[in-house]
>>> print(open('start.txt').read())   # compact mmCIF, C-alpha atoms
# COMPACT_ATOMS: atom_id res chain seq x y z
CA MET A 1 0.00 0.00 0.00
CA GLY A 2 1.47 3.35 -1.07
CA LYS A 3 1.60 6.50 1.04
CA ARG A 4 -1.46 8.03 -0.60
CA GLU A 5 -3.53 4.87 -0.07
CA ARG A 6 -2.41 4.74 3.57
CA GLU A 7 -3.46 8.36 4.09
CA ARG A 8 -6.81 7.65 2.49
CA GLU A 9 -7.34 4.64 4.76
CA MET A 10 -6.40 6.77 7.80
CA SER A 11 -8.89 9.46 6.78
CA ARG A 12 -11.82 7.05 6.33
CA LYS A 13 -14.46 7.56 8.99
CA LYS A 14 -16.23 4.72 10.77
CA ILE A 15 -20.02 4.62 10.92
CA LEU A 16 -21.94 2.15 13.08
CA ILE A 17 -25.66 1.65 12.42
CA VAL A 18 -27.31 0.08 15.47
CA GLY A 19 -30.38 -1.80 14.27
CA GLY A 20 -29.01 -1.97 10.74
CA THR A 21 -31.32 -4.76 9.57
CA GLY A 22 -34.51 -2.80 10.31
CA TYR A 23 -36.43 -0.57 7.90
CA LEU A 24 -34.56 2.70 8.41
CA GLY A 25 -31.27 0.90 9.10
CA GLN A 26 -31.26 -0.81 5.69
CA HIS A 27 -32.17 2.39 3.85
CA LEU A 28 -29.41 4.18 5.76
CA LEU A 29 -26.86 1.51 4.88
CA GLN A 30 -27.84 1.96 1.23
CA GLY A 31 -27.52 5.75 1.58
CA PHE A 32 -23.98 5.55 2.98
CA SER A 33 -22.95 3.00 0.34
CA GLU A 34 -24.08 5.25 -2.54
CA ILE A 35 -21.81 8.17 -1.55
CA GLU A 36 -19.22 8.81 -4.24
CA GLY A 37 -15.69 7.84 -3.29
CA SER A 38 -16.90 5.65 -0.37
CA PRO A 39 -15.44 7.87 2.37
CA TYR A 40 -16.93 5.73 5.16
CA ASP A 41 -16.39 2.27 6.60
CA VAL A 42 -19.83 1.11 7.70
CA ALA A 43 -20.80 -1.60 10.17
CA ILE A 44 -24.23 -2.64 11.42
CA THR A 45 -25.58 -4.41 14.48
CA TYR A 46 -28.44 -6.88 14.45
CA TYR A 47 -30.34 -8.70 17.18
CA SER A 48 -31.35 -12.16 16.01
CA SER A 49 -29.90 -12.71 12.55
CA ALA A 50 -28.48 -10.70 9.68
CA PRO A 51 -30.32 -11.40 6.40
CA GLN A 52 -27.98 -12.97 3.85
CA MET A 53 -29.57 -10.92 1.05
CA LEU A 54 -28.52 -7.72 2.88
CA LEU A 55 -24.96 -8.95 3.54
CA ASP A 56 -24.59 -10.02 -0.11
CA SER A 57 -25.73 -6.56 -1.27
CA PHE A 58 -23.13 -4.79 0.90
CA PRO A 59 -20.11 -7.13 0.97
CA HIS A 60 -17.79 -4.56 2.60
CA CYS A 61 -20.14 -3.97 5.53
CA LEU A 62 -19.36 -5.73 8.80
CA ALA A 63 -22.31 -7.10 10.79
CA PHE A 64 -22.22 -7.72 14.55
CA PRO A 65 -24.78 -9.44 16.79
CA VAL A 66 -25.57 -7.17 19.76
CA ASP A 67 -28.05 -7.47 22.61
CA LEU A 68 -28.97 -3.90 23.49
CA GLN A 69 -30.48 -4.86 26.83
CA THR A 70 -27.27 -6.47 28.12
CA GLY A 71 -24.69 -4.81 25.86
CA HIS A 72 -23.34 -8.21 24.90
CA GLY A 73 -21.53 -7.92 21.54
CA PHE A 74 -20.19 -4.36 21.82
CA ASP A 75 -16.73 -5.57 22.93
CA GLU A 76 -16.35 -7.51 19.68
CA ILE A 77 -17.03 -4.29 17.73
CA SER A 78 -14.25 -2.56 19.69
CA VAL A 79 -11.79 -5.30 18.72
CA THR A 80 -12.79 -5.85 15.08
CA PHE A 81 -14.08 -2.46 13.92
CA GLY A 82 -12.76 -0.02 16.51
CA GLN A 83 -14.29 3.16 17.88
CA PRO A 84 -16.87 4.59 15.48
CA ASP A 85 -16.82 8.28 14.54
CA VAL A 86 -20.61 8.27 14.25
CA VAL A 87 -23.19 5.90 15.72
CA VAL A 88 -26.77 5.97 14.41
CA ASN A 89 -29.19 4.27 16.79
CA CYS A 90 -32.19 3.01 14.81
CA ALA A 91 -32.97 0.13 17.17
CA ALA A 92 -36.19 0.32 19.17
CA LEU A 93 -39.23 -1.52 20.37
CA SER A 94 -41.50 0.73 18.33
CA VAL A 95 -44.93 -0.93 18.30
CA PRO A 96 -46.94 1.08 20.86
CA ARG A 97 -49.24 -1.84 21.75
CA ALA A 98 -46.25 -4.11 22.44
CA CYS A 99 -44.74 -1.40 24.66
CA GLU A 100 -47.99 -1.19 26.68
CA ARG A 101 -47.94 -4.96 27.21
CA ASP A 102 -44.32 -5.02 28.38
CA PRO A 103 -43.22 -1.62 29.72
CA ALA A 104 -40.02 -3.06 31.23
CA SER A 105 -38.81 -4.33 27.84
CA ALA A 106 -39.79 -1.04 26.20
CA MET A 107 -37.70 0.91 28.70
CA SER A 108 -34.67 -1.42 28.62
CA THR A 109 -34.64 -1.58 24.80
CA ASN A 110 -35.48 2.03 24.01
CA ILE A 111 -33.17 3.69 26.56
CA PRO A 112 -29.72 3.05 25.02
CA SER A 113 -27.87 2.62 28.33
CA SER A 114 -25.59 -0.24 27.18
CA LEU A 115 -24.72 1.62 23.96
CA VAL A 116 -23.85 4.85 25.81
CA GLN A 117 -21.89 2.91 28.43
CA TRP A 118 -19.87 1.24 25.66
CA LEU A 119 -19.16 4.58 23.97
CA SER A 120 -18.00 6.04 27.29
CA SER A 121 -15.46 3.20 27.62
CA PHE A 122 -13.30 4.79 24.89
CA SER A 123 -10.70 7.21 26.24
CA ASP A 124 -11.42 9.54 23.32
CA ARG A 125 -15.07 10.55 23.75
CA ASN A 126 -15.22 11.88 20.21
CA THR A 127 -18.12 9.80 18.86
CA PHE A 128 -21.25 11.55 17.62
CA LEU A 129 -24.46 9.69 18.55
CA ILE A 130 -27.47 10.16 16.28
CA HIS A 131 -30.52 8.78 18.06
CA LEU A 132 -33.95 8.20 16.50
CA SER A 133 -36.72 9.41 18.75
CA THR A 134 -40.40 9.94 17.91
CA ASP A 135 -43.15 12.51 17.53
CA GLN A 136 -45.00 10.49 20.19
CA VAL A 137 -43.10 12.36 22.93
CA TYR A 138 -45.64 15.16 22.33
CA GLU A 139 -49.04 15.15 24.04
CA GLY A 140 -51.07 15.72 20.87
CA LEU A 141 -53.27 18.61 21.95
CA LYS A 142 -52.27 21.11 19.24
CA SER A 143 -50.80 21.33 15.74
CA PHE A 144 -47.19 21.80 14.62
CA TYR A 145 -45.18 21.16 17.78
CA LYS A 146 -41.80 22.87 18.04
CA GLU A 147 -38.73 21.18 19.58
CA GLU A 148 -38.86 23.41 22.66
CA ASP A 149 -42.51 22.58 23.43
CA GLU A 150 -43.20 20.53 26.53
CA THR A 151 -43.06 16.77 26.07
CA VAL A 152 -45.98 14.95 27.72
CA PRO A 153 -46.19 11.46 26.16
CA VAL A 154 -49.52 9.67 26.60
CA ASN A 155 -48.34 6.06 26.14
CA VAL A 156 -45.47 3.79 27.24
CA TYR A 157 -43.73 4.00 23.87
CA GLY A 158 -43.61 7.80 24.03
CA LYS A 159 -42.52 7.70 27.67
CA SER A 160 -39.67 5.29 26.88
CA LYS A 161 -38.44 7.50 24.03
CA MET A 162 -38.64 10.62 26.20
CA ALA A 163 -36.62 8.81 28.89
CA ALA A 164 -34.07 7.90 26.19
CA GLU A 165 -33.74 11.56 25.14
CA GLN A 166 -33.19 12.57 28.78
CA PHE A 167 -30.62 9.79 29.28
CA ILE A 168 -28.65 10.80 26.19
CA SER A 169 -28.74 14.51 27.10
CA ALA A 170 -27.39 13.70 30.57
CA ASN A 171 -24.71 11.20 29.52
CA CYS A 172 -23.44 12.17 26.05
CA SER A 173 -21.41 15.21 25.11
CA ASN A 174 -22.11 15.07 21.35
CA PHE A 175 -25.46 13.93 20.01
CA GLY A 176 -28.27 14.53 17.53
CA ILE A 177 -31.78 13.50 18.63
CA LEU A 178 -34.25 13.14 15.76
CA ARG A 179 -37.95 13.17 16.65
CA SER A 180 -39.28 11.30 13.66
CA SER A 181 -42.86 11.01 12.46
CA ILE A 182 -44.18 7.95 10.59
CA ILE A 183 -41.44 6.91 8.15
CA PHE A 184 -42.71 5.62 4.80
CA GLY A 185 -41.18 4.66 1.48
CA PRO A 186 -40.08 1.70 -0.64
CA GLN A 187 -39.50 -1.78 0.75
CA THR A 188 -35.94 -2.62 1.83
CA ILE A 189 -33.39 -4.81 0.03
CA SER A 190 -34.11 -7.59 2.51
CA PRO A 191 -37.86 -7.14 3.08
CA VAL A 192 -38.81 -6.31 6.67
CA PRO A 193 -41.60 -8.33 8.29
CA LYS A 194 -43.57 -5.34 9.60
CA SER A 195 -46.28 -3.87 7.41
CA LEU A 196 -45.28 -0.63 5.69
CA PRO A 197 -47.90 2.14 5.85
CA ILE A 198 -48.34 3.08 2.18
CA GLN A 199 -48.03 -0.52 0.96
CA TRP A 200 -50.64 -1.61 3.52
CA ILE A 201 -53.10 1.12 2.47
CA ASP A 202 -52.49 0.26 -1.20
CA GLY A 203 -53.10 -3.42 -0.48
CA VAL A 204 -56.44 -2.95 1.30
CA LEU A 205 -57.77 -0.38 -1.21
CA SER A 206 -56.78 -2.53 -4.20
CA LYS A 207 -59.26 -5.22 -3.06
CA GLY A 208 -62.18 -2.87 -3.79
CA ASP A 209 -63.81 -3.25 -0.36
CA LYS A 210 -64.90 -0.41 1.92
CA VAL A 211 -62.25 0.41 4.54
CA GLU A 212 -62.41 2.68 7.59
CA PHE A 213 -59.65 5.22 8.30
CA PHE A 214 -59.25 7.63 11.22
CA ASN A 215 -60.03 11.24 10.34
CA ASP A 216 -59.00 12.84 13.64
CA GLU A 217 -55.38 11.80 14.29
CA PHE A 218 -52.71 13.88 12.58
CA ARG A 219 -49.01 13.30 11.86
CA CYS A 220 -46.37 14.61 9.43
CA PRO A 221 -45.24 11.40 7.68
CA VAL A 222 -41.72 11.63 6.30
CA TYR A 223 -40.28 9.91 3.23
CA VAL A 224 -37.51 7.50 4.25
CA LYS A 225 -34.88 8.93 1.91
CA ASP A 226 -35.40 12.36 3.52
CA VAL A 227 -34.63 10.83 6.93
CA VAL A 228 -31.50 9.28 5.41
CA ASP A 229 -30.53 12.70 4.00
CA VAL A 230 -30.92 14.27 7.46
CA ILE A 231 -28.62 11.64 8.98
CA LEU A 232 -26.05 11.97 6.19
CA ALA A 233 -26.11 15.78 6.54
CA LEU A 234 -25.56 15.58 10.33
CA THR A 235 -22.72 13.09 9.77
CA ARG A 236 -21.01 15.40 7.27
CA LYS A 237 -21.48 18.39 9.59
CA TRP A 238 -19.94 16.55 12.55
CA ILE A 239 -16.99 15.21 10.55
CA SER A 240 -16.22 18.44 8.69
CA GLU A 241 -16.65 20.85 11.62
CA GLY A 242 -15.54 18.54 14.44
CA LYS A 243 -17.04 20.87 17.04
CA HIS A 244 -19.07 20.14 20.15
CA MET A 245 -22.58 19.43 18.85
CA GLN A 246 -25.90 18.84 20.62
CA VAL A 247 -28.88 18.95 18.27
CA LEU A 248 -32.59 18.24 18.71
CA LEU A 249 -34.66 18.18 15.51
CA ASN A 250 -38.22 17.41 14.53
CA VAL A 251 -37.95 15.17 11.46
CA GLY A 252 -41.19 15.08 9.52
CA GLY A 253 -42.62 15.80 6.13
CA PRO A 254 -44.12 19.18 5.22
CA ASP A 255 -47.75 17.99 5.33
CA ARG A 256 -50.05 17.45 8.33
CA VAL A 257 -52.29 14.53 7.38
CA SER A 258 -54.77 12.13 8.97
CA ARG A 259 -54.93 8.41 8.17
CA LEU A 260 -57.97 9.27 6.06
CA GLN A 261 -55.98 11.80 4.02
CA MET A 262 -53.14 9.29 3.66
CA ALA A 263 -55.61 6.77 2.18
CA GLU A 264 -57.16 9.42 -0.10
CA THR A 265 -53.68 10.28 -1.42
CA VAL A 266 -52.91 6.63 -2.20
CA ALA A 267 -56.30 6.36 -3.94
CA GLN A 268 -55.55 9.52 -5.94
CA VAL A 269 -52.19 8.18 -7.14
CA ARG A 270 -53.56 4.71 -7.93
CA GLY A 271 -56.91 5.80 -9.34
CA TYR A 272 -58.95 3.86 -6.76
CA ASP A 273 -62.58 4.65 -5.95
CA THR A 274 -62.45 7.11 -3.02
CA SER A 275 -66.01 6.24 -1.96
CA LEU A 276 -64.51 3.04 -0.52
CA ILE A 277 -62.68 5.16 2.08
CA ILE A 278 -64.90 5.58 5.15
CA PRO A 279 -64.00 8.25 7.76
CA VAL A 280 -64.21 7.20 11.43
CA SER A 281 -63.07 8.67 14.72
CA ALA A 282 -60.03 7.10 16.39
CA SER A 283 -62.09 6.86 19.59
CA SER A 284 -64.37 4.33 17.86
CA VAL A 285 -61.67 1.64 18.00
CA ASP A 286 -59.92 0.15 21.05
CA ARG A 287 -56.31 -0.35 19.98
CA GLY A 288 -55.08 -1.32 23.43
CA VAL A 289 -53.04 1.87 23.65
CA VAL A 290 -53.75 5.59 24.04
CA SER A 291 -52.73 7.46 20.89
CA PRO A 292 -52.06 11.23 20.72
CA ALA A 293 -54.57 13.10 18.53
CA ASP A 294 -52.37 15.68 16.79
CA ILE A 295 -48.58 15.35 16.88
CA SER A 296 -47.90 17.22 13.67
CA MET A 297 -44.54 18.99 13.90
CA ASP A 298 -42.96 22.27 12.89
CA ILE A 299 -39.87 21.21 10.88
CA SER A 300 -38.42 24.67 10.22
CA ARG A 301 -35.38 24.05 12.46
CA MET A 302 -34.46 20.93 10.46
CA VAL A 303 -34.92 22.78 7.15
CA GLN A 304 -32.81 25.75 8.29
CA THR A 305 -30.08 23.81 10.13
CA LEU A 306 -29.42 21.25 7.40
CA ASP A 307 -30.80 22.96 4.29
CA ILE A 308 -33.06 19.98 3.60
CA SER A 309 -36.56 20.33 2.17
CA PRO A 310 -38.44 17.04 2.50
CA VAL A 311 -40.76 15.96 -0.32
CA SER A 312 -44.51 16.46 -0.03
CA PHE A 313 -46.62 13.55 1.15
CA LEU A 314 -48.15 13.22 -2.34
CA ASP A 315 -44.72 13.07 -4.02
CA GLY A 316 -43.47 10.60 -1.41
CA VAL A 317 -46.44 8.32 -2.08
CA ARG A 318 -45.80 8.55 -5.84
CA LEU A 319 -42.12 7.65 -5.31
CA THR A 320 -43.07 4.75 -3.02
CA LEU A 321 -45.64 3.23 -5.36
CA THR A 322 -43.49 3.78 -8.46
CA SER A 323 -40.58 1.93 -6.86
CA GLN A 324 -43.00 -0.80 -5.75
CA ALA A 325 -44.12 -1.28 -9.35
CA GLY A 326 -40.52 -1.38 -10.56
CA SER A 327 -39.30 -3.87 -7.96
>>> encode(input="start.txt", output="structure tokens")
Amino acid sequence: MGKREREREMSRKKILIVGGTGYLGQHLLQGFSEIEGSPYDVAITYYSSAPQMLLDSFPHCLAFPVDLQTGHGFDEISVTFGQPDVVVNCAALSVPRACERDPASAMSTNIPSSLVQWLSSFSDRNTFLIHLSTDQVYEGLKSFYKEEDETVPVNVYGKSKMAAEQFISANCSNFGILRSSIIFGPQTISPVPKSLPIQWIDGVLSKGDKVEFFNDEFRCPVYVKDVVDVILALTRKWISEGKHMQVLLNVGGPDRVSRLQMAETVAQVRGYDTSLIIPVSASSVDRGVVSPADISMDISRMVQTLDISPVSFLDGVRLTLTSQAGS
């Protein structure tokens, strides 16, 4: 290896995606891999197994089994991969009903204590932690929450994510906390088992039966590639500026929509009969979990800080369904 190659190797930054086999994790891995010149070495963690299809698609990516509740597996990353420059934590127990059933698991999984403890074991504390939080930290009593608004989560999932934010703020010197809305977009390289929102709506409407959708719960769904762009922009900012950084951002799309409006948009793009879409109140269904009514978010800080303008919900749906047709 010549001097120039050695210098290039030395300058390569290490990125660790915790929860790299999940929906956002796979899209993020793809996003890092598509950067020209491949300036990053990327590794992922997984919990039960790493899909072979994913590993085959990214042969240079290292994959490590890690139990986030115990921290088992982090030591192997230290030995094989070394200290990461940036860690993106996408891992979570994110199904609100499951969190209600097992609050202890929700807290121990969603508060990244073993991850932060591992990062603090390095003598050089110069790792930037990007942590995915949720819009469900907000109470849901108004529209377009700002980052500085009070957080009053109404369910266990929201409470666990708020506790995670507080833990990171207290124990990390450099971090970016991203309060994400519903993330939607194309299926991943190795398909994830959970149902994806736009694909699910498309599937039920395509059958031609009448379907009920809530008309009184509002979010700002965000296209997955916009979330990836936010993470890539924060990574570049941290690496290029190298300054102390603590950032809290709402990460959503530009549109406040109900489930009913989401379904109407899918019907518009697909040409389905909109009379099949029946509006109902969220209070008419017992989902086994309290859900906030309006957790739409003001995303102006994200737009101004990172110069990112997320696509409209309509355009995101078009992109999702077009890629679905082409896959």
>>> closest_atom_pairs(input="start.txt", of="segment 175-255 of chain A", to="segment 137-144 of chain A", cutoff="12 Å", atoms="all atoms listed in the file", output="Markdown table")
| residue | atom | partner | partner_atom | distance |
| --- | --- | --- | --- | --- |
| A:Leu178 | CA | A:Val137 | CA | 11.4 |
| A:Arg179 | CA | A:Val137 | CA | 8.2 |
| A:Ser180 | CA | A:Val137 | CA | 10.1 |
| A:Ser181 | CA | A:Val137 | CA | 10.6 |
| A:Asp216 | CA | A:Gly140 | CA | 11.1 |
| A:Glu217 | CA | A:Gly140 | CA | 8.8 |
| A:Phe218 | CA | A:Ser143 | CA | 8.3 |
| A:Arg219 | CA | A:Ser143 | CA | 9.1 |
| A:Cys220 | CA | A:Phe144 | CA | 8.9 |
| A:Asn250 | CA | A:Phe144 | CA | 10.0 |
| A:Val251 | CA | A:Phe144 | CA | 11.8 |
| A:Gly252 | CA | A:Phe144 | CA | 10.4 |
| A:Gly253 | CA | A:Phe144 | CA | 11.4 |
| A:Pro254 | CA | A:Phe144 | CA | 10.2 |
| A:Asp255 | CA | A:Phe144 | CA | 10.1 |
>>> closest_residue(input="start.txt", among="A:Asn89, A:Thr127, A:Gln187, A:Ser258", to="Ser296 of chain A", atoms="only C-alpha atoms")
A:Ser258
>>> atom_distance(input="start.txt", atom1="atom CA of Gly22 of chain A", atom2="atom CA of Val87 of chain A")
15.3 Å
>>> closest_residue(input="start.txt", among="A:Val95, A:Met262, A:Leu306, A:Ala63", to="Trp238 of chain A", atoms="all atoms listed in the file")
A:Leu306
>>> atom_distance(input="start.txt", atom1="atom CA of Val266 of chain A", atom2="atom CA of Tyr23 of chain A")
20.6 Å
>>> closest_residue(input="start.txt", among="A:Leu321, A:Cys90, A:Val156, A:Val192", to="Ala104 of chain A", atoms="all atoms listed in the file")
A:Val156
>>> residues_near_point(input="start.txt", point="(-40.3, 10.1, 28.0)", cutoff="10 Å", atoms="all atoms listed in the file", output="ChimeraX atom specification")
/A:107,111,133,136-138,151-167
>>> atom_distance(input="start.txt", atom1="atom CA of Ser108 of chain A", atom2="atom CA of Leu29 of chain A")
25.2 Å
>>> residues_around(input="start.txt", residues="Pro186 of chain A", least_positions_apart="3", cutoff="9 Å", atoms="only C-alpha atoms", output="list in words")
Leu196, Ile198, Gln199, Val224, Leu319, Thr320, Leu321, Thr322, Ser323 and Gln324 of chain A
>>> axis_aligned_box(input="start.txt", around="segment 218-230 of chain A", padding_each_side="8 Å", output="AutoDock Vina command-line options")
--center_x -41.6 --center_y 11.1 --center_z 7.2 --size_x 38.2 --size_y 23.1 --size_z 26.7
>>> closest_residue(input="start.txt", among="A:Val42, A:Val303, A:Val257, A:Leu132", to="Arg12 of chain A", atoms="only C-alpha atoms")
A:Val42
>>> closest_residue(input="start.txt", among="A:Asn215, A:Ser11, A:Thr21, A:Ser300", to="Asp41 of chain A", atoms="only C-alpha atoms")
A:Ser11
>>> closest_residue(input="start.txt", among="A:Gln304, A:Thr265, A:Asn126, A:Ser309", to="Lys225 of chain A", atoms="all atoms listed in the file")
A:Ser309
>>> residues_around(input="start.txt", residues="segment 65-81 of chain A", least_positions_apart="2", cutoff="8 Å", atoms="only C-alpha atoms", output="PyMOL selection string")
chain A and resi 43+45-49+63+83-84+108-109+112+114-115+118
>>> write_last_selection(input="start.txt", atoms="C-alpha atoms", output="tab-separated table (two decimals), in the frame of the given file")
chain	number	residue	atom	x	y	z
A	43	ALA	CA	-20.80	-1.60	10.17
A	45	THR	CA	-25.58	-4.41	14.48
A	46	TYR	CA	-28.44	-6.88	14.45
A	47	TYR	CA	-30.34	-8.70	17.18
A	48	SER	CA	-31.35	-12.16	16.01
A	49	SER	CA	-29.90	-12.71	12.55
A	63	ALA	CA	-22.31	-7.10	10.79
A	83	GLN	CA	-14.29	3.16	17.88
A	84	PRO	CA	-16.87	4.59	15.48
A	108	SER	CA	-34.67	-1.42	28.62
A	109	THR	CA	-34.64	-1.58	24.80
A	112	PRO	CA	-29.72	3.05	25.02
A	114	SER	CA	-25.59	-0.24	27.18
A	115	LEU	CA	-24.72	1.62	23.96
A	118	TRP	CA	-19.87	1.24	25.66
>>> residues_around(input="start.txt", residues="Gly203 of chain A", least_positions_apart="2", cutoff="12 Å", atoms="all atoms listed in the file", output="PyMOL selection string")
chain A and resi 195-201+205-209+211+263+266-267+270+272+321+324
>>> residues_around(input="start.txt", residues="Val86 of chain A", least_positions_apart="6", cutoff="12 Å", atoms="all atoms listed in the file", output="CSV table (one decimal) with C-alpha atoms, in the coordinates of the input")
chain,number,residue,atom,x,y,z
A,12,ARG,CA,-11.8,7.0,6.3
A,13,LYS,CA,-14.5,7.6,9.0
A,14,LYS,CA,-16.2,4.7,10.8
A,15,ILE,CA,-20.0,4.6,10.9
A,16,LEU,CA,-21.9,2.2,13.1
A,17,ILE,CA,-25.7,1.6,12.4
A,18,VAL,CA,-27.3,0.1,15.5
A,40,TYR,CA,-16.9,5.7,5.2
A,41,ASP,CA,-16.4,2.3,6.6
A,42,VAL,CA,-19.8,1.1,7.7
A,43,ALA,CA,-20.8,-1.6,10.2
A,44,ILE,CA,-24.2,-2.6,11.4
A,119,LEU,CA,-19.2,4.6,24.0
A,125,ARG,CA,-15.1,10.6,23.8
A,126,ASN,CA,-15.2,11.9,20.2
A,127,THR,CA,-18.1,9.8,18.9
A,128,PHE,CA,-21.2,11.6,17.6
A,129,LEU,CA,-24.5,9.7,18.6
A,130,ILE,CA,-27.5,10.2,16.3
A,131,HIS,CA,-30.5,8.8,18.1
A,174,ASN,CA,-22.1,15.1,21.4
A,175,PHE,CA,-25.5,13.9,20.0
A,176,GLY,CA,-28.3,14.5,17.5
A,231,ILE,CA,-28.6,11.6,9.0
A,232,LEU,CA,-26.0,12.0,6.2
A,234,LEU,CA,-25.6,15.6,10.3
A,235,THR,CA,-22.7,13.1,9.8
A,236,ARG,CA,-21.0,15.4,7.3
A,237,LYS,CA,-21.5,18.4,9.6
A,238,TRP,CA,-19.9,16.6,12.6
A,239,ILE,CA,-17.0,15.2,10.6
A,242,GLY,CA,-15.5,18.5,14.4
>>> build_atoms(input="start.txt", residues="segment 188-201 of chain A", atoms="N, CA, C and O atoms", output="mmCIF file, keeping the file's coordinate frame")
data_model
loop_
_atom_site.group_PDB
_atom_site.id
_atom_site.type_symbol
_atom_site.label_atom_id
_atom_site.label_comp_id
_atom_site.auth_asym_id
_atom_site.auth_seq_id
_atom_site.Cartn_x
_atom_site.Cartn_y
_atom_site.Cartn_z
ATOM 1 N N THR A 188 -37.404 -2.521 1.696
ATOM 2 C CA THR A 188 -35.940 -2.620 1.830
ATOM 3 C C THR A 188 -35.388 -3.744 0.960
ATOM 4 O O THR A 188 -36.140 -4.578 0.444
ATOM 5 N N ILE A 189 -34.053 -3.768 0.826
ATOM 6 C CA ILE A 189 -33.390 -4.810 0.030
ATOM 7 C C ILE A 189 -33.752 -6.202 0.557
ATOM 8 O O ILE A 189 -34.126 -7.095 -0.183
ATOM 9 N N SER A 190 -33.617 -6.366 1.871
ATOM 10 C CA SER A 190 -34.110 -7.590 2.510
ATOM 11 C C SER A 190 -35.433 -7.221 3.174
ATOM 12 O O SER A 190 -35.437 -6.502 4.173
ATOM 13 N N PRO A 191 -36.567 -7.647 2.609
ATOM 14 C CA PRO A 191 -37.860 -7.140 3.080
ATOM 15 C C PRO A 191 -38.066 -7.320 4.588
ATOM 16 O O PRO A 191 -37.747 -8.363 5.151
ATOM 17 N N VAL A 192 -38.554 -6.251 5.227
ATOM 18 C CA VAL A 192 -38.810 -6.310 6.670
ATOM 19 C C VAL A 192 -40.176 -6.929 6.907
ATOM 20 O O VAL A 192 -41.087 -6.792 6.084
ATOM 21 N N PRO A 193 -40.331 -7.632 8.046
ATOM 22 C CA PRO A 193 -41.600 -8.330 8.290
ATOM 23 C C PRO A 193 -42.761 -7.397 8.629
ATOM 24 O O PRO A 193 -43.913 -7.735 8.399
ATOM 25 N N LYS A 194 -42.461 -6.208 9.186
ATOM 26 C CA LYS A 194 -43.570 -5.340 9.600
ATOM 27 C C LYS A 194 -44.278 -4.759 8.378
ATOM 28 O O LYS A 194 -43.686 -4.602 7.312
ATOM 29 N N SER A 195 -45.552 -4.426 8.546
ATOM 30 C CA SER A 195 -46.280 -3.870 7.410
ATOM 31 C C SER A 195 -45.907 -2.405 7.231
ATOM 32 O O SER A 195 -45.788 -1.663 8.197
ATOM 33 N N LEU A 196 -45.682 -2.003 6.006
ATOM 34 C CA LEU A 196 -45.280 -0.630 5.690
ATOM 35 C C LEU A 196 -46.539 0.186 5.380
ATOM 36 O O LEU A 196 -47.444 -0.308 4.700
ATOM 37 N N PRO A 197 -46.617 1.427 5.866
ATOM 38 C CA PRO A 197 -47.900 2.140 5.850
ATOM 39 C C PRO A 197 -48.527 2.333 4.464
ATOM 40 O O PRO A 197 -49.709 2.036 4.270
ATOM 41 N N ILE A 198 -47.757 2.799 3.500
ATOM 42 C CA ILE A 198 -48.340 3.080 2.180
ATOM 43 C C ILE A 198 -48.678 1.766 1.463
ATOM 44 O O ILE A 198 -49.736 1.638 0.831
ATOM 45 N N GLN A 199 -47.798 0.783 1.594
ATOM 46 C CA GLN A 199 -48.030 -0.520 0.960
ATOM 47 C C GLN A 199 -49.281 -1.193 1.555
ATOM 48 O O GLN A 199 -50.054 -1.832 0.837
ATOM 49 N N TRP A 200 -49.462 -1.012 2.871
ATOM 50 C CA TRP A 200 -50.640 -1.610 3.520
ATOM 51 C C TRP A 200 -51.922 -0.953 3.005
ATOM 52 O O TRP A 200 -52.890 -1.632 2.635
ATOM 53 N N ILE A 201 -51.928 0.386 2.969
ATOM 54 C CA ILE A 201 -53.100 1.120 2.470
ATOM 55 C C ILE A 201 -53.393 0.710 1.017
ATOM 56 O O ILE A 201 -54.539 0.439 0.640
#
